[in-house]
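Colleague: Just one file: start_5.txt, with compact mmCIF, C-alpha atoms and all ligand atoms.
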# COMPACT_ATOMS: atom_id res chain seq x y z
CA MET G 1 -1.06 55.27 11.79
CA LYS G 2 -4.59 54.14 12.53
CA ARG G 3 -4.16 51.26 10.11
CA SER G 4 -0.96 50.09 11.79
CA ILE G 5 -2.63 50.14 15.22
CA PHE G 6 -5.49 48.14 13.74
CA VAL G 7 -3.04 45.60 12.24
CA ALA G 8 -1.13 45.43 15.53
CA CYS G 9 -4.39 44.72 17.38
CA LEU G 10 -5.25 41.97 14.91
CA VAL G 11 -1.83 40.38 15.40
CA VAL G 12 -2.29 40.47 19.18
CA ILE G 13 -5.77 38.96 18.89
CA SER G 14 -4.69 36.21 16.48
CA THR G 15 -1.64 35.38 18.62
CA ALA G 16 -3.91 35.23 21.64
CA VAL G 17 -6.33 32.95 19.82
CA SER G 18 -3.56 30.65 18.69
CA ALA G 19 -2.05 30.66 22.20
CA ARG G 20 -5.48 29.66 23.55
CA ALA G 21 -5.76 26.97 20.89
CA GLN G 22 -2.29 25.69 21.89
CA GLN G 23 -3.35 25.59 25.54
CA SER G 24 -6.48 23.62 24.75
CA LEU G 25 -4.44 21.22 22.59
CA ASP G 26 -1.90 20.77 25.40
CA ALA G 27 -4.72 20.08 27.85
CA LEU G 28 -6.29 17.54 25.49
CA ILE G 29 -2.94 15.77 24.99
CA ASP G 30 -2.32 15.76 28.77
CA GLY G 31 -5.60 13.94 29.22
CA GLU G 32 -4.75 11.41 26.54
CA ILE G 33 -1.01 10.77 26.87
CA GLY G 34 -1.28 7.91 29.39
CA GLN G 35 -3.59 5.97 27.10
CA LEU G 36 -1.43 6.77 24.07
CA VAL G 37 1.67 5.35 25.77
CA ASN G 38 -0.32 2.19 26.59
CA THR G 39 -1.46 1.95 22.97
CA TYR G 40 2.12 2.36 21.77
CA LYS G 41 3.42 -0.38 24.08
CA MET G 42 0.61 -2.71 23.03
CA LEU G 43 1.40 -2.12 19.33
CA HIS G 44 5.13 -2.47 19.98
CA ALA G 45 4.62 -5.89 21.55
CA ALA G 46 2.43 -7.09 18.67
CA PRO G 47 4.20 -6.25 15.39
CA GLU G 48 3.13 -7.76 12.06
CA LEU G 49 5.17 -8.26 8.88
CA SER G 50 4.48 -6.36 5.65
CA HIS G 51 1.41 -7.73 3.78
CA TYR G 52 0.12 -9.31 7.01
CA GLU G 53 -0.99 -6.23 9.04
CA ILE G 54 -4.27 -7.90 9.97
CA LYS G 55 -4.66 -7.11 13.69
CA THR G 56 -2.89 -3.75 13.42
CA SER G 57 -5.20 -2.49 10.66
CA THR G 58 -8.29 -3.73 12.48
CA PHE G 59 -7.18 -1.93 15.64
CA VAL G 60 -6.53 1.33 13.77
CA ALA G 61 -9.90 1.11 12.01
CA THR G 62 -11.78 0.41 15.25
CA GLN G 63 -10.12 3.30 17.05
CA LEU G 64 -10.77 5.83 14.27
CA ARG G 65 -14.38 4.68 13.96
CA SER G 66 -14.83 5.29 17.70
CA PHE G 67 -13.59 8.89 17.19
CA GLY G 68 -16.35 9.51 14.64
CA TYR G 69 -14.52 8.84 11.37
CA THR G 70 -16.10 6.98 8.46
CA VAL G 71 -13.72 4.08 7.97
CA THR G 72 -13.09 1.71 5.06
CA GLU G 73 -10.91 -1.34 5.66
CA ASN G 74 -8.99 -3.76 3.45
CA VAL G 75 -8.02 -1.13 0.89
CA GLY G 76 -5.23 -2.28 -1.43
CA LYS G 77 -4.47 -4.72 -4.18
CA TYR G 78 -1.15 -6.48 -4.84
CA ASP G 79 0.01 -8.41 -7.90
CA ASN G 80 0.66 -11.38 -5.63
CA PRO G 81 -2.73 -13.03 -5.09
CA LEU G 82 -1.60 -14.42 -1.72
CA TRP G 83 -1.40 -10.92 -0.21
CA LYS G 84 -4.47 -9.05 0.91
CA GLY G 85 -4.55 -5.26 1.10
CA HIS G 86 -4.83 -4.19 4.74
CA GLY G 87 -5.08 -0.45 4.08
CA VAL G 88 -7.34 1.70 6.28
CA VAL G 89 -9.01 4.88 5.04
CA ALA G 90 -10.77 7.12 7.57
CA VAL G 91 -12.66 10.27 6.60
CA LEU G 92 -13.93 13.12 8.79
CA LYS G 93 -15.95 15.77 6.95
CA ASN G 94 -16.25 19.21 8.49
CA GLY G 95 -17.83 21.54 5.94
CA ALA G 96 -16.31 23.15 2.88
CA GLY G 97 -12.55 23.55 2.85
CA PRO G 98 -9.30 21.85 1.89
CA THR G 99 -8.82 18.09 1.80
CA VAL G 100 -5.79 16.97 3.78
CA LEU G 101 -4.49 13.41 3.87
CA VAL G 102 -2.35 12.19 6.78
CA ARG G 103 -0.61 8.86 6.45
CA THR G 104 0.82 6.34 8.87
CA ASP G 105 2.43 3.08 7.89
CA LEU G 106 1.43 -0.11 9.70
CA ASP G 107 4.05 -2.81 9.16
CA ALA G 108 7.06 -4.11 11.09
CA LEU G 109 10.31 -5.89 10.18
CA PRO G 110 11.78 -9.40 10.40
CA VAL G 111 14.17 -8.39 13.20
CA GLU G 112 14.67 -10.04 16.59
CA GLU G 113 14.30 -7.35 19.25
CA LYS G 114 17.22 -7.05 21.66
CA THR G 115 16.31 -3.89 23.59
CA GLY G 116 15.39 -5.81 26.75
CA LEU G 117 12.44 -3.45 27.31
CA PRO G 118 9.53 -4.80 29.38
CA TYR G 119 7.26 -4.34 26.36
CA ALA G 120 9.76 -5.74 23.84
CA SER G 121 8.37 -7.90 21.06
CA THR G 122 8.73 -11.65 21.36
CA VAL G 123 6.64 -12.28 18.25
CA LYS G 124 7.78 -15.04 15.90
CA THR G 125 6.17 -15.99 12.63
CA LYS G 126 6.92 -17.53 9.25
CA ASN G 127 7.89 -15.37 6.30
CA ASP G 128 6.69 -15.93 2.75
CA ALA G 129 9.57 -18.37 2.16
CA GLY G 130 8.34 -20.46 5.12
CA GLN G 131 11.31 -19.55 7.32
CA ASP G 132 10.87 -18.80 11.03
CA VAL G 133 11.49 -15.11 11.71
CA SER G 134 11.15 -12.77 14.66
CA VAL G 135 9.19 -9.56 14.18
CA MET G 136 9.91 -6.10 15.58
CA HIS G 137 8.72 -2.54 15.07
CA ALA G 138 12.36 -1.64 14.41
CA CYS G 139 11.43 1.31 12.17
CA GLY G 140 9.06 2.86 14.71
CA HIS G 141 5.88 2.52 12.67
CA ASP G 142 4.17 1.92 16.03
CA VAL G 143 5.17 5.50 16.91
CA HIS G 144 3.61 6.70 13.66
CA ILE G 145 0.37 4.76 14.24
CA THR G 146 0.01 6.06 17.78
CA SER G 147 0.75 9.64 16.71
CA LEU G 148 -1.87 9.38 13.97
CA LEU G 149 -4.45 7.98 16.38
CA GLY G 150 -3.67 10.73 18.90
CA ALA G 151 -3.87 13.48 16.27
CA GLY G 152 -7.03 11.89 14.85
CA LYS G 153 -8.68 12.07 18.26
CA MET G 154 -7.52 15.64 18.93
CA LEU G 155 -8.82 16.83 15.57
CA SER G 156 -12.18 15.14 16.12
CA GLN G 157 -12.45 17.19 19.33
CA LEU G 158 -11.23 20.47 17.82
CA LYS G 159 -13.69 20.66 14.92
CA ASP G 160 -14.42 24.29 15.70
CA GLN G 161 -10.83 25.14 14.74
CA TRP G 162 -10.73 23.65 11.25
CA ARG G 163 -12.86 23.05 8.18
CA GLY G 164 -12.68 20.76 5.18
CA THR G 165 -12.21 17.03 4.76
CA LEU G 166 -9.64 15.21 6.84
CA ILE G 167 -8.46 11.83 5.63
CA LEU G 168 -6.30 9.57 7.78
CA ILE G 169 -4.83 6.49 6.17
CA GLY G 170 -3.11 3.41 7.55
CA GLN G 171 -0.79 2.17 4.82
CA PRO G 172 0.43 -1.43 4.83
CA ALA G 173 3.73 -2.73 3.44
CA GLU G 174 5.95 0.35 3.61
CA GLU G 175 9.05 -1.73 4.34
CA THR G 176 8.57 -3.61 1.09
CA ILE G 177 7.71 -0.31 -0.66
CA ASP G 178 4.66 -1.76 -2.37
CA GLY G 179 1.89 -0.74 0.05
CA ALA G 180 1.26 2.80 -1.21
CA LYS G 181 1.07 1.49 -4.77
CA ALA G 182 -1.32 -1.26 -3.63
CA MET G 183 -3.63 1.32 -2.04
CA LEU G 184 -3.63 3.44 -5.21
CA VAL G 185 -4.28 0.38 -7.40
CA GLY G 186 -7.01 -0.61 -4.94
CA GLY G 187 -8.81 2.65 -5.73
CA LEU G 188 -7.79 4.98 -2.89
CA TYR G 189 -8.32 8.15 -4.92
CA SER G 190 -11.68 7.02 -6.24
CA MET G 191 -13.08 6.51 -2.73
CA ILE G 192 -11.98 9.91 -1.36
CA PRO G 193 -11.80 13.44 -2.76
CA LYS G 194 -8.35 14.05 -4.26
CA PRO G 195 -6.27 15.65 -1.47
CA ASP G 196 -4.91 19.19 -1.65
CA PHE G 197 -2.07 18.29 0.70
CA LEU G 198 -0.39 15.11 1.95
CA ILE G 199 1.49 14.89 5.24
CA ALA G 200 3.28 12.20 7.19
CA LEU G 201 5.91 11.88 9.85
CA HIS G 202 8.70 9.36 10.36
CA ASP G 203 10.62 8.87 13.56
CA ASN G 204 14.30 9.67 13.55
CA ALA G 205 16.91 7.58 15.37
CA GLU G 206 19.41 10.43 15.74
CA LEU G 207 17.14 13.26 16.84
CA GLU G 208 16.12 13.97 20.44
CA ALA G 209 12.57 13.20 21.57
CA GLY G 210 10.77 16.54 21.83
CA LYS G 211 12.21 17.80 18.54
CA VAL G 212 11.10 17.56 14.94
CA ALA G 213 13.01 18.20 11.72
CA TYR G 214 12.11 19.10 8.17
CA CYS G 215 13.83 18.93 4.80
CA PRO G 216 12.45 20.99 1.91
CA GLY G 217 12.83 19.51 -1.60
CA PHE G 218 14.24 16.00 -2.05
CA ALA G 219 14.28 14.39 1.39
CA LEU G 220 14.58 10.67 0.63
CA ALA G 221 15.90 8.91 -2.45
CA ASN G 222 14.20 6.78 -5.05
CA SER G 223 15.00 3.09 -4.80
CA THR G 224 15.16 0.32 -7.40
CA SER G 225 16.17 -3.29 -6.85
CA VAL G 226 18.10 -5.02 -9.63
CA GLU G 227 18.91 -8.73 -10.00
CA ILE G 228 21.85 -9.76 -12.20
CA THR G 229 22.45 -13.36 -13.25
CA ILE G 230 25.97 -13.78 -14.60
CA ARG G 231 26.05 -16.95 -16.61
CA GLY G 232 29.31 -18.76 -17.43
CA LEU G 233 30.27 -22.26 -18.43
CA GLY G 234 31.01 -24.38 -15.37
CA GLY G 235 33.50 -27.19 -14.92
CA HIS G 236 36.31 -28.55 -12.75
CA GLY G 237 38.14 -26.04 -10.59
CA SER G 238 41.49 -27.51 -11.73
CA LYS G 239 40.71 -26.90 -15.40
CA PRO G 240 39.76 -23.23 -15.81
CA GLU G 241 40.81 -23.23 -19.47
CA ALA G 242 37.77 -25.40 -20.24
CA THR G 243 35.30 -23.04 -18.54
CA LYS G 244 34.04 -19.47 -18.51
CA ASP G 245 34.23 -18.63 -14.81
CA PRO G 246 31.21 -16.55 -13.66
CA ILE G 247 32.79 -15.99 -10.22
CA VAL G 248 35.68 -14.01 -11.72
CA VAL G 249 33.30 -12.18 -14.06
CA ALA G 250 31.06 -11.32 -11.08
CA ALA G 251 34.06 -9.93 -9.17
CA GLN G 252 35.07 -7.75 -12.12
CA THR G 253 31.48 -6.63 -12.62
CA ILE G 254 31.00 -5.59 -8.98
CA LEU G 255 34.10 -3.40 -9.07
CA ALA G 256 33.24 -1.93 -12.47
CA LEU G 257 29.71 -1.06 -11.29
CA GLN G 258 31.29 1.22 -8.69
CA THR G 259 32.61 3.42 -11.51
CA ILE G 260 29.04 4.42 -12.48
CA VAL G 261 28.66 6.75 -9.51
CA SER G 262 32.32 7.74 -9.26
CA ARG G 263 33.05 8.31 -12.99
CA GLU G 264 29.82 8.60 -15.00
CA ASN G 265 27.52 10.52 -12.67
CA SER G 266 27.77 14.18 -11.81
CA PRO G 267 29.15 14.59 -8.26
CA LEU G 268 26.35 17.11 -7.76
CA ASP G 269 23.67 14.44 -8.23
CA PRO G 270 23.62 12.05 -5.26
CA ALA G 271 23.48 8.38 -6.25
CA VAL G 272 24.25 4.95 -4.78
CA VAL G 273 24.90 1.57 -6.39
CA THR G 274 25.21 -1.16 -3.75
CA VAL G 275 25.66 -4.86 -4.44
CA GLY G 276 24.08 -6.29 -1.31
CA SER G 277 24.13 -9.98 -2.17
CA ILE G 278 26.33 -12.34 -4.18
CA HIS G 279 25.61 -16.02 -4.49
CA GLY G 280 27.37 -18.57 -6.64
CA GLY G 281 29.00 -21.96 -6.41
CA SER G 282 28.76 -24.86 -4.01
CA LYS G 283 32.30 -26.23 -3.51
CA SER G 284 35.91 -25.09 -3.69
CA ASN G 285 36.84 -27.20 -6.70
CA ILE G 286 33.82 -26.56 -8.92
CA ILE G 287 33.48 -23.60 -11.27
CA PRO G 288 29.73 -22.94 -11.21
CA ASP G 289 27.44 -22.19 -14.13
CA GLU G 290 26.14 -18.92 -12.75
CA VAL G 291 26.37 -16.24 -10.05
CA LYS G 292 23.50 -14.07 -8.84
CA LEU G 293 23.92 -10.47 -7.64
CA LEU G 294 21.26 -8.36 -5.92
CA LEU G 295 21.61 -4.58 -6.08
CA THR G 296 19.93 -1.49 -4.77
CA VAL G 297 20.11 1.69 -6.85
CA ARG G 298 19.34 5.09 -5.28
CA SER G 299 19.16 8.65 -6.58
CA TYR G 300 16.91 11.70 -6.38
CA LYS G 301 16.42 12.51 -10.05
CA GLU G 302 14.63 10.12 -12.38
CA GLU G 303 17.12 10.82 -15.21
CA VAL G 304 19.99 9.80 -12.93
CA ARG G 305 18.16 6.57 -12.11
CA GLN G 306 17.63 5.83 -15.80
CA HIS G 307 21.30 6.50 -16.56
CA ILE G 308 22.48 4.16 -13.77
CA LEU G 309 20.18 1.35 -14.89
CA ALA G 310 21.40 1.65 -18.50
CA SER G 311 25.03 1.65 -17.34
CA ILE G 312 24.51 -1.46 -15.20
CA GLU G 313 23.20 -3.27 -18.27
CA ARG G 314 26.04 -2.02 -20.52
CA ILE G 315 28.88 -2.77 -18.08
CA THR G 316 27.56 -6.18 -17.11
CA ARG G 317 27.07 -7.31 -20.72
CA ASN G 318 30.43 -6.07 -21.91
CA ILE G 319 32.50 -7.53 -19.07
CA ALA G 320 30.91 -10.90 -19.80
CA ALA G 321 31.68 -10.46 -23.50
CA ALA G 322 35.29 -9.51 -22.70
CA ALA G 323 35.60 -12.77 -20.74
CA GLY G 324 34.56 -14.68 -23.82
CA ILE G 325 31.14 -15.69 -22.58
CA PRO G 326 29.05 -16.44 -25.68
CA ASP G 327 26.04 -14.28 -26.55
CA ASP G 328 23.57 -17.01 -25.71
CA ARG G 329 25.01 -17.04 -22.14
CA ALA G 330 25.03 -13.23 -21.80
CA PRO G 331 24.10 -11.94 -18.33
CA ILE G 332 20.44 -11.35 -17.51
CA VAL G 333 19.78 -7.97 -15.86
CA LYS G 334 16.34 -7.76 -14.30
CA VAL G 335 15.10 -4.41 -12.99
CA SER G 336 12.38 -5.07 -10.43
CA ASP G 337 8.99 -3.59 -11.16
CA THR G 338 7.76 -4.21 -7.61
CA GLU G 339 10.76 -3.26 -5.44
CA VAL G 340 10.85 0.27 -6.78
CA THR G 341 9.73 3.59 -5.38
CA PRO G 342 10.06 7.24 -6.40
CA ALA G 343 11.98 9.80 -4.35
CA THR G 344 10.23 11.64 -1.53
CA TYR G 345 10.04 15.27 -2.57
CA ASN G 346 8.83 17.70 0.09
CA ASP G 347 7.02 20.51 -1.66
CA PRO G 348 9.04 23.58 -0.53
CA LYS G 349 6.02 25.88 -0.04
CA LEU G 350 4.04 23.31 1.92
CA THR G 351 7.12 22.37 3.95
CA GLU G 352 7.69 26.01 4.88
CA ARG G 353 4.07 26.27 6.02
CA VAL G 354 4.25 23.06 8.03
CA ALA G 355 7.61 24.08 9.56
CA GLY G 356 6.08 27.42 10.63
CA ALA G 357 3.19 25.61 12.34
CA LEU G 358 5.62 23.24 14.06
CA GLU G 359 7.70 26.17 15.33
CA SER G 360 4.60 27.87 16.79
CA ALA G 361 3.51 24.63 18.44
CA LEU G 362 6.82 23.31 19.73
CA GLY G 363 9.04 26.38 19.96
CA ALA G 364 11.65 27.34 17.34
CA ASN G 365 14.43 25.57 19.31
CA ASN G 366 12.68 22.27 18.85
CA VAL G 367 12.34 22.49 15.06
CA VAL G 368 15.48 21.96 13.01
CA GLN G 369 16.33 21.51 9.36
CA TRP G 370 17.58 18.04 8.40
CA PRO G 371 19.74 17.05 5.42
CA PRO G 372 18.36 14.77 2.69
CA ILE G 373 19.17 11.05 3.02
CA MET G 374 19.47 8.16 0.57
CA GLY G 375 16.99 6.00 2.48
CA SER G 376 13.65 5.43 0.73
CA GLU G 377 9.94 5.60 1.44
CA ASP G 378 6.93 4.95 -0.70
CA PHE G 379 4.96 7.89 0.77
CA GLY G 380 5.95 9.90 -2.34
CA ARG G 381 3.73 7.65 -4.48
CA PHE G 382 0.61 9.28 -3.04
CA SER G 383 1.74 12.59 -4.58
CA LEU G 384 1.17 11.17 -8.10
CA ASP G 385 4.54 12.35 -9.46
CA ASN G 386 4.51 15.42 -7.20
CA THR G 387 1.26 16.77 -8.64
CA ILE G 388 -0.13 16.86 -5.07
CA PRO G 389 2.06 18.84 -2.64
CA SER G 390 3.39 16.52 0.05
CA CYS G 391 5.56 16.82 3.13
CA MET G 392 7.06 14.22 5.43
CA PHE G 393 8.81 15.52 8.53
CA TRP G 394 11.06 13.78 11.04
CA LEU G 395 10.01 13.10 14.62
CA GLY G 396 12.82 12.90 17.20
CA ALA G 397 12.51 9.65 19.14
CA ILE G 398 15.65 9.24 21.24
CA GLU G 399 16.36 10.07 24.86
CA PRO G 400 18.23 13.42 24.75
CA ALA G 401 20.99 12.18 27.12
CA LYS G 402 21.74 9.32 24.71
CA VAL G 403 21.99 11.69 21.74
CA ALA G 404 24.36 13.93 23.72
CA ALA G 405 26.50 10.95 24.77
CA SER G 406 26.69 9.71 21.18
CA LYS G 407 27.74 13.14 19.91
CA LYS G 408 30.41 13.33 22.62
CA SER G 409 31.83 9.83 22.14
CA GLY G 410 31.35 9.60 18.38
CA LYS G 411 29.74 6.20 18.91
CA PRO G 412 26.67 5.96 16.68
CA LEU G 413 23.25 5.28 18.17
CA PRO G 414 21.27 2.21 17.04
CA SER G 415 19.78 3.12 13.67
CA LEU G 416 16.31 2.51 12.32
CA HIS G 417 15.95 -1.23 11.57
CA SER G 418 18.39 -2.07 14.38
CA SER G 419 17.38 -4.73 16.93
CA LEU G 420 18.38 -2.13 19.56
CA PHE G 421 16.32 0.81 18.23
CA GLU G 422 14.50 2.22 21.24
CA PRO G 423 12.21 5.26 20.96
CA LEU G 424 11.45 7.05 24.24
CA PRO G 425 7.66 6.70 24.36
CA GLU G 426 6.13 9.63 26.23
CA PRO G 427 7.97 12.69 24.92
CA THR G 428 8.10 11.21 21.41
CA LEU G 429 4.35 10.55 21.27
CA ARG G 430 3.46 13.85 22.90
CA THR G 431 5.51 15.67 20.27
CA GLY G 432 4.22 13.48 17.43
CA VAL G 433 0.58 14.12 18.32
CA LYS G 434 1.10 17.83 18.89
CA ALA G 435 3.16 18.27 15.72
CA MET G 436 0.75 16.40 13.46
CA THR G 437 -2.35 18.04 14.96
CA SER G 438 -0.77 21.50 14.60
CA ALA G 439 0.30 20.86 11.00
CA VAL G 440 -3.25 19.80 10.07
CA LEU G 441 -4.79 22.77 11.89
CA GLU G 442 -2.50 25.09 9.93
CA LEU G 443 -3.58 23.62 6.59
CA MET G 444 -7.28 23.48 7.46
CA LYS G 445 -7.68 26.48 9.77
CA ARG G 446 -10.91 28.48 9.76
ZN ZN B 501 11.95 1.08 7.67
ZN ZN B 502 9.89 3.34 8.39
Write out the structure in this file as structure tokens.

Modeller:
Amino acid sequence: MKRSIFVACLVVISTAVSARAQQSLDALIDGEIGQLVNTYKMLHAAPELSHYEIKTSTFVATQLRSFGYTVTENVGKYDNPLWKGHGVVAVLKNGAGPTVLVRTDLDALPVEEKTGLPYASTVKTKNDAGQDVSVMHACGHDVHITSLLGAGKMLSQLKDQWRGTLILIGQPAEETIDGAKAMLVGGLYSMIPKPDFLIALHDNAELEAGKVAYCPGFALANSTSVEITIRGLGGHGSKPEATKDPIVVAAQTILALQTIVSRENSPLDPAVVTVGSIHGGSKSNIIPDEVKLLLTVRSYKEEVRQHILASIERITRNIAAAAGIPDDRAPIVKVSDTEVTPATYNDPKLTERVAGALESALGANNVVQWPPIMGSEDFGRFSLDNTIPSCMFWLGAIEPAKVAASKKSGKPLPSLHSSLFEPLPEPTLRTGVKAMTSAVLELMKR
């Protein structure tokens, strides 16, 4: 009896302490939110393409340094010598305790913004191919950056509530899924203590601002790009008997590739094979020498990925052989070793802990479970094949009335990467900062 009263008292005290901590966090965010919205709008109007996050990374580094973090810039190394690593690593030590790494991405997309917002991007630049492109934060990485800066500032002011080593990183080139790898190759884990936990957030184009969502286990798919060159024997369009037509072989191949997921793969293992590009020929009456296909392959399990890649090779080769294409003109199947990323696996135990902290901070009604998706992220790379527990949660970014209207009408909202994607700044950032700060405090609490 005595013991249960004692336990009850402890619960009351700890709830009171955490309620007080919540109040002080709310007050801190209230004092900061105006500036955070300004920061977000400034970043939104000044997006930079993957591999060229020069001003963005400098800004993030300068801000974090001003909050008291020890900051290293230009972390990252790509195979392409023309690209510089613009990774930012910021460390705040606060005694003995766990090491927690929080990641934001930094890059934007070659999309022309059409939201009509007063702070819409009008940035134009040249891509690596020398073409003129517009640039937009159409994936909301500006929301992630601002949330990380806000949480970074809060945590620097709440050092009495946590202990350990906090590491905040600004990762370049997420959209091209080679930035996390570049940071690891550039020595990220030799310049910091190996983290005990990794966390990140990504905004969500279907979830209301003010809410967050989590997905234990596989949350995002792995992704592998594949290039197929189907080689034939070209000639005059009026004389097919003298040729081996790669256009017809490409058509047969594309359809046959769709049988990998539908007929060879277990329906219980999600997978996607999409042919996103087909290029061949120059004129109606010429049978060309070759056709190029570009594919994306998605799954959760590595063995499923390996099976799909082997099947693509087998089907492509044999359809060409069936068309009578000689061995020395057999198709070339090239699996990219740069456009490839592992699945994002949210460690179930860590995710449960983070979800609990989010529920305490935001209220249980504002924390929902989200299904896994076949989109991809390279955040999972930092987990070193899931040997470090990691968790990425979703941050609602859309005006609630718009979400309600979309549910009612059935008309989908603009997705991530859309020229019309429009996060609602204040509630989204307030929730992002509070959610990330609370998740870190849970993992590093005294
Ligand atoms: Zn994206
Ligand atoms: Zn993104």

Colleague: Hey, which residues sit close to ligand ZN 501 (chain B)? Say within 12 Å, counting all atoms listed in the file, and write them as a PyMOL selection string.

Modeller: chain G and resi 49-50+105-111+136-142+144+173-177+202-205+375-379+415-418+421

Colleague: Ranking G:Thr165, G:Thr316, G:Gln35, G:Gln171 by minimum distance to ligand ZN 502 (chain B) and counting only C-alpha atoms and all ligand atoms, which one comes first?

Modeller: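 Residue with the minimum atom-to-atom distance to ligand ZN 502 (chain B): G:Gln171.
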
Colleague: Need to verify the contact set: G:Asp385, 10 Å, only C-alpha atoms, exclusion of same-chain residues closer than 2 positions in sequence. Can you return it as a PyMOL selection string?

Modeller: chain G and resi 342-345+380-383+387-389

Colleague: What separation in Å, quoted to one decimal, exists between atom CA of G:Lys124 and atom CA of G:Ile398?

Modeller: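 Answer for the atom CA of G:Lys124 to atom CA of G:Ile398 separation: 26.1 Å.
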
Colleague: May I have the residues within 6 Å of stretch 351-355 of chain G as a list in words, using all atoms listed in the file and disregarding those fewer than 3 positions away in the same chain?

Modeller: Pro216, Asp347, Pro348, Leu358, Cys391 and Ala439 of chain G

Colleague: For G:Lys211, find every residue with an atom within 7 Å (counting only C-alpha atoms), except residues of its own chain fewer than 4 positions away, and show them as a list in words.

Modeller: Leu207, Asn366, Val367, Leu395 and Gly396 of chain G

Colleague: To one decimal place, how far is atom CA of G:Ala361 from atom CA of G:Lys445 in Å?

Modeller: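 Computing it gives 14.3 Å between the two atoms.
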
Colleague: From the options G:Asn94, G:Thr72, G:Thr104, G:Asn222, which residue's atoms come nearest to ligand ZN 502 (chain B), counting all atoms listed in the file?

Modeller: G:Thr104

Colleague: Mind giving me the straight-line distance from atom CA of G:Glu313 to atom CA of G:Leu295 in Å, one decimal?

Modeller: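 Computing the Euclidean distance for atom CA of G:Glu313 and atom CA of G:Leu295 yields 12.4 Å.
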
Colleague: Smallest atom-to-atom distance to ligand ZN 502 (chain B): which of G:Lys402, G:Ala435, G:Trp394, G:Glu206, using all atoms listed in the file?

Modeller: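 Distance minimum relative to ligand ZN 502 (chain B) lands on G:Trp394.
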
Colleague: Kindly indicate which residue among G:Val272, G:Leu220, G:Thr125, G:Val133 lies nearest to ligand ZN 502 (chain B), using only C-alpha atoms and all ligand atoms for the distances.

Modeller: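 For ligand ZN 502 (chain B), the nearest of the candidates is G:Leu220.
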
Colleague: Would you fill the gaps in stretch 353-366 of chain G so it has N, CA and C atoms, then print it as an mmCIF file, in the coordinates of the input?

Modeller:
data_model
loop_
_atom_site.group_PDB
_atom_site.id
_atom_site.type_symbol
_atom_site.label_atom_id
_atom_site.label_comp_id
_atom_site.auth_asym_id
_atom_site.auth_seq_id
_atom_site.Cartn_x
_atom_site.Cartn_y
_atom_site.Cartn_z
ATOM 1 N N ARG G 353 5.292 26.036 5.238
ATOM 2 C CA ARG G 353 4.070 26.270 6.020
ATOM 3 C C ARG G 353 3.983 25.323 7.218
ATOM 4 N N VAL G 354 4.286 24.052 6.952
ATOM 5 C CA VAL G 354 4.250 23.060 8.030
ATOM 6 C C VAL G 354 5.316 23.399 9.079
ATOM 7 N N ALA G 355 6.525 23.757 8.620
ATOM 8 C CA ALA G 355 7.610 24.080 9.560
ATOM 9 C C ALA G 355 7.211 25.263 10.445
ATOM 10 N N GLY G 356 6.530 26.260 9.856
ATOM 11 C CA GLY G 356 6.080 27.420 10.630
ATOM 12 C C GLY G 356 5.098 26.984 11.721
ATOM 13 N N ALA G 357 4.169 26.092 11.357
ATOM 14 C CA ALA G 357 3.190 25.610 12.340
ATOM 15 C C ALA G 357 3.885 24.813 13.449
ATOM 16 N N LEU G 358 4.892 24.044 13.066
ATOM 17 C CA LEU G 358 5.620 23.240 14.060
ATOM 18 C C LEU G 358 6.389 24.152 15.013
ATOM 19 N N GLU G 359 6.960 25.234 14.468
ATOM 20 C CA GLU G 359 7.700 26.170 15.330
ATOM 21 C C GLU G 359 6.759 26.845 16.324
ATOM 22 N N SER G 360 5.555 27.250 15.850
ATOM 23 C CA SER G 360 4.600 27.870 16.790
ATOM 24 C C SER G 360 4.185 26.880 17.867
ATOM 25 N N ALA G 361 4.021 25.613 17.479
ATOM 26 C CA ALA G 361 3.510 24.630 18.440
ATOM 27 C C ALA G 361 4.581 24.151 19.408
ATOM 28 N N LEU G 362 5.800 23.978 18.918
ATOM 29 C CA LEU G 362 6.820 23.310 19.730
ATOM 30 C C LEU G 362 7.930 24.243 20.202
ATOM 31 N N GLY G 363 7.939 25.451 19.642
ATOM 32 C CA GLY G 363 9.040 26.380 19.960
ATOM 33 C C GLY G 363 10.117 26.228 18.898
ATOM 34 N N ALA G 364 10.686 27.363 18.448
ATOM 35 C CA ALA G 364 11.650 27.340 17.340
ATOM 36 C C ALA G 364 12.866 26.471 17.651
ATOM 37 N N ASN G 365 13.252 26.377 18.941
ATOM 38 C CA ASN G 365 14.430 25.570 19.310
ATOM 39 C C ASN G 365 14.234 24.099 19.055
ATOM 40 N N ASN G 366 12.971 23.701 18.989
ATOM 41 C CA ASN G 366 12.680 22.270 18.850
ATOM 42 C C ASN G 366 12.386 21.861 17.408
#
